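A quick write-up on the structure given underneath.
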Amino acid sequence: MHVMEGFLPAPWWQIWFAISIPVIAFGIYKMNKLVNEKREILPLLAVAGAFVFVLSSLKLPSVVGSCSHPTGTGVAAIIFGPAISAVLGTIVLLYQALFLAHGGLTTLGANVFSMGIVGPVVAYLVYKAGMKARLNFFVVVFLATAFGDWATYVVTSVELALAFPEGGVLTLTTFLASFAKFGTIFAVTQIPLAIMEGAVSALLFKYVINLKSDILVELKVVEESVVRKLRGITA
Amino acid sequence: MSRKLELIVLAIVLIFAIQFLYMSSTTDAEYGGADGEAEGVINEITGGTYEPIAEPLWEPPSGEIESLLFGLQAAIGAGVIGYFLGYYRAKKNYENELGYGSKNQPEGETPSS
């Protein structure tokens, strides 16, 4: 999903940095505050970060004959909110930019915006809406993480289309023409992978609910009554 | 413990794997990276005139090294997840079933701090 090193001309790469840096700074502030207040969330934070690490390293083949990878940021977004997810996403993106030539330092801002900010925000909103509608918890996690993953790639397509409009002049029509092209590559490749990500994320949540639901209740991720119901089913 | 969710996830993974086996044996799709395809589209849109404004500081010298580093990334992540889920599991066991520690009331009813 990453926009490759050097593939965003000025002023776009600066713009995405300008948008992403405040969010990352806010995320670091929030993360420090949370860890200081509730020391016991630290292992869960590590698990959420590690989940991003694992999923974003798996390049999966998609139906249309190209490979891409899931993002894994949806789980962190559901538990800790989008700002902290942006920090975790940035760590992974830095690793891949430095050691794998995957993504890049100049495009880091754009990649953080798509994978660390918009994806988690979408996942978070879908999760909240789904829980409010009282859908099955695992179905909500599935939908939230799948849509978060997919949104990441839609945003990547938008970023590229803004920087490379058809014909070189940015208007709505040239933007849409380019967006259709990039979207065909990224967003279409990503649909089956988003389904996989949703399924695996739901599974991770099952184990967290079983082992450490008190933290999720404390962080107001799930209500006590939901946990009871889920345990009744899975116990 | 019910294994319903595991079965559903397994079914999704299997459908995906079978689809891949079928597609990769009947078509000659290349399964290259989507990022690389985007590069192709950028060249097409700009007529091949775009020069990247920066180069990666370091690139894995070969595909093998690259998969090593991707594998390492996955291994670190999987290790951390396994360690902490195991930690939680053992902790819960000690607290709830063996009665160690201060929190030996049923989980979830701990007073909020």
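Chain identifiers are assigned as A, B, and so on, following the order in which chains appear in the structure tokens; residues are numbered from 1 within each chain, and ligands are numbered from 1 in order of appearance.
Residues of segment 38-160 of chain A assigned to strand (DSSP E) by DSSP on this structure's backbone: Leu60, Pro61, Ser66, Cys67 and Ser68 of chain A.
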Give me the residues within 12 Å of Gly183 of chain A as a PDB file with N, CA and C atoms, in the first residue's frame, counting only C-alpha atoms and dropping any in the same chain fewer than 6 places off.
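File written: out_14.pdb
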```
ATOM      1  N   MET A   1       0.815  -1.212   0.000  1.00  0.00           N
ATOM      2  CA  MET A   1       0.000   0.000   0.000  1.00  0.00           C
ATOM      3  C   MET A   1       0.839   1.248   0.000  1.00  0.00           C
ATOM      4  N   TRP A 150      -9.551  -1.368   4.109  1.00  0.00           N
ATOM      5  CA  TRP A 150      -9.917  -0.947   2.760  1.00  0.00           C
ATOM      6  C   TRP A 150      -9.761   0.558   2.612  1.00  0.00           C
ATOM      7  N   ALA A 151     -10.176   1.297   3.637  1.00  0.00           N
ATOM      8  CA  ALA A 151     -10.089   2.760   3.595  1.00  0.00           C
ATOM      9  C   ALA A 151      -8.641   3.207   3.410  1.00  0.00           C
ATOM     10  N   THR A 152      -7.706   2.466   4.052  1.00  0.00           N
ATOM     11  CA  THR A 152      -6.293   2.792   3.910  1.00  0.00           C
ATOM     12  C   THR A 152      -5.889   2.839   2.437  1.00  0.00           C
ATOM     13  N   TYR A 153      -6.376   1.852   1.690  1.00  0.00           N
ATOM     14  CA  TYR A 153      -5.971   1.761   0.286  1.00  0.00           C
ATOM     15  C   TYR A 153      -6.712   2.753  -0.591  1.00  0.00           C
ATOM     16  N   VAL A 154      -7.943   3.073  -0.217  1.00  0.00           N
ATOM     17  CA  VAL A 154      -8.664   4.112  -0.949  1.00  0.00           C
ATOM     18  C   VAL A 154      -7.919   5.438  -0.788  1.00  0.00           C
ATOM     19  N   VAL A 155      -7.447   5.702   0.448  1.00  0.00           N
ATOM     20  CA  VAL A 155      -6.726   6.949   0.694  1.00  0.00           C
ATOM     21  C   VAL A 155      -5.400   6.972  -0.064  1.00  0.00           C
ATOM     22  N   THR A 156      -4.697   5.823  -0.095  1.00  0.00           N
ATOM     23  CA  THR A 156      -3.462   5.759  -0.879  1.00  0.00           C
ATOM     24  C   THR A 156      -3.737   6.125  -2.335  1.00  0.00           C
ATOM     25  N   SER A 157      -4.848   5.624  -2.877  1.00  0.00           N
ATOM     26  CA  SER A 157      -5.209   5.944  -4.256  1.00  0.00           C
ATOM     27  C   SER A 157      -5.488   7.434  -4.409  1.00  0.00           C
ATOM     28  N   VAL A 158      -6.154   8.018  -3.415  1.00  0.00           N
ATOM     29  CA  VAL A 158      -6.447   9.457  -3.459  1.00  0.00           C
ATOM     30  C   VAL A 158      -5.143  10.253  -3.443  1.00  0.00           C
ATOM     31  N   GLU A 159      -4.205   9.837  -2.564  1.00  0.00           N
ATOM     32  CA  GLU A 159      -2.938  10.559  -2.461  1.00  0.00           C
ATOM     33  C   GLU A 159      -2.181  10.547  -3.784  1.00  0.00           C
ATOM     34  N   LEU A 160      -2.169   9.375  -4.423  1.00  0.00           N
ATOM     35  CA  LEU A 160      -1.454   9.279  -5.699  1.00  0.00           C
ATOM     36  C   LEU A 160      -2.176  10.051  -6.797  1.00  0.00           C
ATOM     37  N   ALA A 161      -3.517   9.982  -6.773  1.00  0.00           N
ATOM     38  CA  ALA A 161      -4.280  10.671  -7.817  1.00  0.00           C
ATOM     39  C   ALA A 161      -4.135  12.183  -7.687  1.00  0.00           C
ATOM     40  N   PHE A 175      -8.477  14.369 -11.676  1.00  0.00           N
ATOM     41  CA  PHE A 175      -8.269  13.651 -10.417  1.00  0.00           C
ATOM     42  C   PHE A 175      -9.037  12.336 -10.424  1.00  0.00           C
ATOM     43  N   LEU A 176     -10.320  12.413 -10.846  1.00  0.00           N
ATOM     44  CA  LEU A 176     -11.147  11.203 -10.828  1.00  0.00           C
ATOM     45  C   LEU A 176     -10.622  10.157 -11.808  1.00  0.00           C
ATOM     46  N   ALA A 177     -10.118  10.610 -12.958  1.00  0.00           N
ATOM     47  CA  ALA A 177      -9.588   9.664 -13.939  1.00  0.00           C
ATOM     48  C   ALA A 177      -8.397   8.912 -13.354  1.00  0.00           C
ATOM     49  N   THR A 189      -7.459  -4.778  -5.393  1.00  0.00           N
ATOM     50  CA  THR A 189      -6.577  -5.810  -4.825  1.00  0.00           C
ATOM     51  C   THR A 189      -6.927  -6.064  -3.370  1.00  0.00           C
ATOM     52  N   GLN A 190      -7.326  -4.988  -2.703  1.00  0.00           N
ATOM     53  CA  GLN A 190      -7.438  -5.052  -1.262  1.00  0.00           C
ATOM     54  C   GLN A 190      -8.730  -5.671  -0.754  1.00  0.00           C
ATOM     55  N   ILE A 191      -9.761  -5.772  -1.590  1.00  0.00           N
ATOM     56  CA  ILE A 191     -11.051  -6.257  -1.072  1.00  0.00           C
ATOM     57  C   ILE A 191     -10.928  -7.646  -0.428  1.00  0.00           C
TER      58      ILE A 191
ATOM     59  N   ALA B  34       1.493  -4.656  -5.652  1.00  0.00           N
ATOM     60  CA  ALA B  34       0.603  -3.607  -6.129  1.00  0.00           C
ATOM     61  C   ALA B  34       1.349  -2.273  -6.203  1.00  0.00           C
ATOM     62  N   ASP B  35       2.350  -2.096  -5.318  1.00  0.00           N
ATOM     63  CA  ASP B  35       3.116  -0.849  -5.341  1.00  0.00           C
ATOM     64  C   ASP B  35       3.825  -0.672  -6.682  1.00  0.00           C
ATOM     65  N   GLU B  37       2.901  -1.913  -9.530  1.00  0.00           N
ATOM     66  CA  GLU B  37       1.919  -1.587 -10.568  1.00  0.00           C
ATOM     67  C   GLU B  37       1.575  -0.113 -10.546  1.00  0.00           C
ATOM     68  N   ALA B  38       1.531   0.461  -9.345  1.00  0.00           N
ATOM     69  CA  ALA B  38       1.239   1.888  -9.232  1.00  0.00           C
ATOM     70  C   ALA B  38       2.323   2.691  -9.926  1.00  0.00           C
ATOM     71  N   VAL B  41       1.538   2.854 -13.520  1.00  0.00           N
ATOM     72  CA  VAL B  41       0.477   3.815 -13.838  1.00  0.00           C
ATOM     73  C   VAL B  41       1.006   5.241 -13.791  1.00  0.00           C
TER      74      VAL B  41
END
```
May I have the residues of chain A within 6 Å of chain B, counting only C-alpha atoms, written as a VMD selection string?
-> chain A and resid 5 to 7 47 50 53 to 54 57 65 to 68 101 166 199 211 214 234 to 235
If you keep C-alpha atoms, can you produce a file of those selected residues as a PDB file, in the first residue's frame?
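Saved to again.pdb:
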```
ATOM      1  CA  GLU A   5      10.154   6.507  -1.759  1.00  0.00           C
ATOM      2  CA  GLY A   6      10.352   9.613  -3.909  1.00  0.00           C
ATOM      3  CA  PHE A   7       7.033   9.076  -5.607  1.00  0.00           C
ATOM      4  CA  VAL A  47       0.096  -7.019  21.422  1.00  0.00           C
ATOM      5  CA  ALA A  50       2.876  -6.569  17.279  1.00  0.00           C
ATOM      6  CA  PHE A  53       3.928  -5.801  12.680  1.00  0.00           C
ATOM      7  CA  VAL A  54       2.784  -9.286  11.709  1.00  0.00           C
ATOM      8  CA  SER A  57       4.674  -8.083   6.785  1.00  0.00           C
ATOM      9  CA  GLY A  65      -3.142 -11.346  -9.697  1.00  0.00           C
ATOM     10  CA  SER A  66      -1.109  -8.929  -7.651  1.00  0.00           C
ATOM     11  CA  CYS A  67       0.150  -8.898  -4.089  1.00  0.00           C
ATOM     12  CA  SER A  68      -0.491  -6.548  -1.261  1.00  0.00           C
ATOM     13  CA  ALA A 101      12.882  -0.015   0.902  1.00  0.00           C
ATOM     14  CA  GLU A 166      -4.379  12.578 -15.630  1.00  0.00           C
ATOM     15  CA  ALA A 199     -11.463 -12.447  10.076  1.00  0.00           C
ATOM     16  CA  LEU A 211      -7.993 -13.709  28.719  1.00  0.00           C
ATOM     17  CA  ASP A 214     -11.302  -6.445  32.354  1.00  0.00           C
ATOM     18  CA  THR A 234     -17.394 -19.300  24.102  1.00  0.00           C
ATOM     19  CA  ALA A 235     -16.849 -20.719  27.579  1.00  0.00           C
TER      20      ALA A 235
END
```
Would you return as an MDAnalysis selection string the members of segment 13-192 of chain A that DSSP assigns to alpha helix (DSSP H) on this structure's backbone?
-> chainID A and resid 13:37 42:57 73:80 82:99 108:111 119:132 137:163 172:192
Would you mind listing what lies within 7 Å of segment 103-108 of chain A as a ChimeraX atom specification, with only C-alpha atoms counted and same-chain residues fewer than 5 positions away left out?
-> /A:2-6,8,13,96-97 /B:56
